[in-house]
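Enquirer: Sending over a structure as structure tokens; questions will come in a sec.
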Amino acid sequence: MFTSFRYIIVVGIFFFTIFSMCKAQAIAEFSITTPGDSCKSRTLRLDASISTGEIVNYSWGFKNIDLGIDMGSGWGKVTTRNLLNPGLYEVTLKLLLANGSTVEKSKQVRVYELPIVDFEAIPNEGCRPQSIQFIDKSSAEDGTISKWEWNYSDGTSAVFNIATNPSHDYNASGKYTPSLIVTNSFGCTNSLAKPDYINIYDKITPTFIVSNNMSCSNSLTATFENTSPLDGPFLYVWDFGDGTKDTTSERMVKYFYSKQGVYVVRLTAVNKTGNCSSYSQTSGNRDVIIGKPSASFTIQSPICQNQTLTLSGGGDTTGISTTGRWIFGDNNTKNDGKSVSHKFSIIGTHTIKFVAFNSYSGCYSDTVYRIVEVLPVPTANFDVNNPFGCSVPHMVSFKNTSVDASLFKWNFGDGTPVQETTSGNDTMRTYTIYSNGISIRLVATNLAGCSNEKVFNYIQIQKPSIKFTADPKFGCKPLPVFFDATANSIDPVIGYVYDYGDGLIDTLKSATRLHSYRYAGTYLARVGIITSQGCVVYAETQTITVDDICNGNGNGNGGGGGSGGGIDGGWAKDCSSKYSFTFHDTLSGTEILYWIFDGKTVLTNQNPINYTFPNNLGYKKFLVTSVYIDTLLNDTLDNKMYITVVDEKAHFIPSVF
């Protein structure tokens, strides 16, 4: 038990000693604050208030680690220090304690470099509108560049977060001061502005006056006056058109031309970079024109009468002439131009004169003469027999009536080779295809090689066609139907064929026909045409339906429109005699034999006839038949019609109020 007590005392002393040592231990600690950024220079506020222990004194030490030099010291619990240059620094806090010992703490502080800003503009001048390419040449120094702010000095700007070489268009003239602000990843910012770095000009078109610029001699001193603005960023380059150039800012310029010719003078305004060039040049009466033109032309001879001859005065080796004048001896016609055409209508030998001249300087060449012989041409002609056909094969004959020709070339327009013959005999051609228009061409040539041609438009071979209407298409017998035909044929129609479908066929010259169907049945009617060449064509058939019995109104049995009927039934005038009728067979060319009234035969040829049906007190339909002889057909026929009698009476229930 004693041993255990001793153990407890020893352990207690140990922990008490440790506790006392911890209470007496001092800790050096401090905070660093920066009122501002940490770029290029940095002001430090150092505060050791968070240090612990029985502190007697606070001292500070400063060192530039990059340079390896001490930078002095400081005292106090709170102190400040200015770090004026970028780099890595070490700050050390040393505490003097009451027991005479010291403790210390060191921390590193960095002052960041500002980014270096630089850029280039390509080009940095030009005429509006001018596109400028900006090239960034900046470097971050510390960290990386995170932001570029471009100001183009024309009221516009652009911000980029990645490396960019922007392009910008300047649309107004003037001097511009672009700038660039660069920020690195530590927030350090630097900028650069380039005063009047961009120069944008108004492009000008130079103007000048030319005087004393034309002469018919072989040399000339011309005078030019530069009327462009001579004060400004432009130089002026004269190109005198003969390979000579001169750069001068003189207003008046003279130049001697030693050779004849036409010279186009150009004046160009350029700035010092040459990217702003614009020019004007002479033309027409502003060109320098020196000397007398030359004239020459060739001619084809002999030529044929009424042949168009094209002439070109292309022999001016001086290049001075702009036009020419031609005089033709056949009729003294005058034509102006370097190239002209003339048709010689008079047979014989004629003189052609040509003079070349410059329409601006008025300088003429000598007159050039040429002789042309004009030969007669034959007469090509032919007559066409039977040019229109209605069927194939179709034969056409041609009578050759040409005069003074020895060679004949026929083109029959059907794709076959040209037929060439020295005979002026008549010819024939058989065409095997239908066509709406075939052109025939005959070229007649005489022994001198002069030709003439005759064209005939057109040979037409068309299959005829026909269509017709039949009205009405259904009804009761006898049914009159009106046929109206429309023919389409280039060959004259000489007749119409009417096939009524009832065994009767008529051939007439009329395009219309009225036919009466006397028998009930269904008939296929058609109409055809006959042309003068014997072509026969039929239209599509149409169906005619004829009923045996009429319904009292001309309709066939079963109703539904239509026409026809030979019996007319007159109704009674009042209800008391509603079963009494007057019947009249209206057909012409007939003789009545007898009547049958609903099965009752009345042997009489009366027409009209009165008949009263029995009163059956209700709805009743009666069949009326007239039997007659058709004097045209010499046949006994009948007409049938239903008559309906309907009882009429009032039937109502009075309203009781």
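Please note that chains go A, B, ... in the order of the structure tokens, that every chain numbers its residues from 1, and that ligands are numbered from 1 in the order shown.
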Please identify all polymer residues within 8 Å of Ser131 in chain A, counting only C-alpha atoms, omitting same-chain residues fewer than 3 positions from it, and present them as a list in words.

Expert: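 Here the qualifying residues turn out to be Ser167, His168, Asp169 and Tyr170 of chain A.
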
Enquirer: Restricting the calculation to only C-alpha atoms, which member of A:Phe240, A:Phe134, A:Phe581, A:Tyr255 is positioned closest to Ile198 in chain A?

Expert: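 Counting only C-alpha atoms, the residue closest to Ile198 in chain A is A:Phe134.
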
Enquirer: Rounded to one decimal place, report the CA of Pro206 in chain A-CA of Gly174 in chain A distance in Å.

Expert: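 Between CA of Pro206 in chain A and CA of Gly174 in chain A the gap is 20.1 Å.
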
Enquirer: Between A:Ile122, A:Cys127, A:Ile209, A:Leu114, which residue has the minimum interatomic distance to Val182 in chain A, considering only C-alpha atoms?

Expert: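 The answer is A:Leu114, which sits nearest to Val182 in chain A.
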
Enquirer: Could you check the closest approach to Ala222 in chain A for each of A:Lys203, A:Lys334, A:Val546, A:Val265 and tell me which residue wins, using only C-alpha atoms?

Expert: A:Val265

Enquirer: Determine, counting only C-alpha atoms, which protein, DNA and RNA residues have an atom within 12 Å of an atom of Lys600 in chain A; residues of the same chain fewer than 3 positions away are not included. Present the result as an NGL selection string.

Expert: :A and (594-597 or 603 or 611-614 or 622-626)

Enquirer: With distances taken over only C-alpha atoms, which of A:Pro492, A:Gly565, A:Gly143, A:Gly53 is nearest to Glu29 in chain A?

Expert: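 Looking only at the distances to Glu29 in chain A, the closest residue turns out to be A:Gly53.
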
Enquirer: If I take CA of Cys575 in chain A and CA of Gln606 in chain A, how far is one from the other in Å, to one decimal?

Expert: 25.4 Å

Enquirer: Just checking: using only C-alpha atoms, which residue out of A:Glu54, A:Pro86, A:Asn190, A:Ser283 ends up closest to Val117 in chain A?

Expert: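 Of the candidates, the smallest distance to Val117 in chain A is held by A:Asn190.
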
Enquirer: Grab the CA of Phe344 in chain A to CA of Ile299 in chain A distance for me, in Å with one decimal place.

Expert: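 These two atoms are separated by 13.2 Å.
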
Enquirer: Please provide the set of residues having any atom within 10 Å of Gly87 in chain A, restricted to only C-alpha atoms, with same-chain residues fewer than 3 positions apart removed, written as a list in words.

Expert: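 Counting only C-alpha atoms, the residues come to Cys39, Lys40, Ser41, Asn64, Ile65, Asp66, Leu67, Leu83, Leu84, Val109, Arg110, Val111, Tyr112 and Glu113 of chain A.
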
Enquirer: Taking the DSSP secondary structure from the backbone, can you list the residues of range 255-476 of chain A that are strand (DSSP E or B), as JSON, numbers by chain?

Expert: {"A": [255, 256, 257, 261, 262, 263, 266, 267, 268, 269, 270, 278, 279, 280, 281, 288, 289, 290, 303, 304, 308, 309, 310, 311, 312, 323, 324, 325, 326, 327, 328, 333, 334, 335, 336, 339, 340, 341, 342, 343, 348, 349, 350, 351, 352, 353, 354, 355, 356, 357, 364, 368, 369, 370, 371, 372, 373, 374, 375, 379, 382, 383, 384, 385, 388, 389, 394, 395, 396, 397, 398, 399, 400, 403, 407, 408, 409, 410, 411, 419, 420, 421, 427, 428, 429, 430, 431, 435, 436, 437, 438, 439, 440, 441, 442, 443, 444, 445, 451, 452, 453, 454, 455, 456, 457, 458, 459, 460, 461, 465, 466, 467, 468, 469, 470, 471, 474, 475, 476]}

Enquirer: Name all residues at most 6 Å from range 384-390 of chain A (count only C-alpha atoms; drop same-chain ones fewer than 4 positions away) and give them as number ranges by chain.

Expert: A: 396-398, 459-463
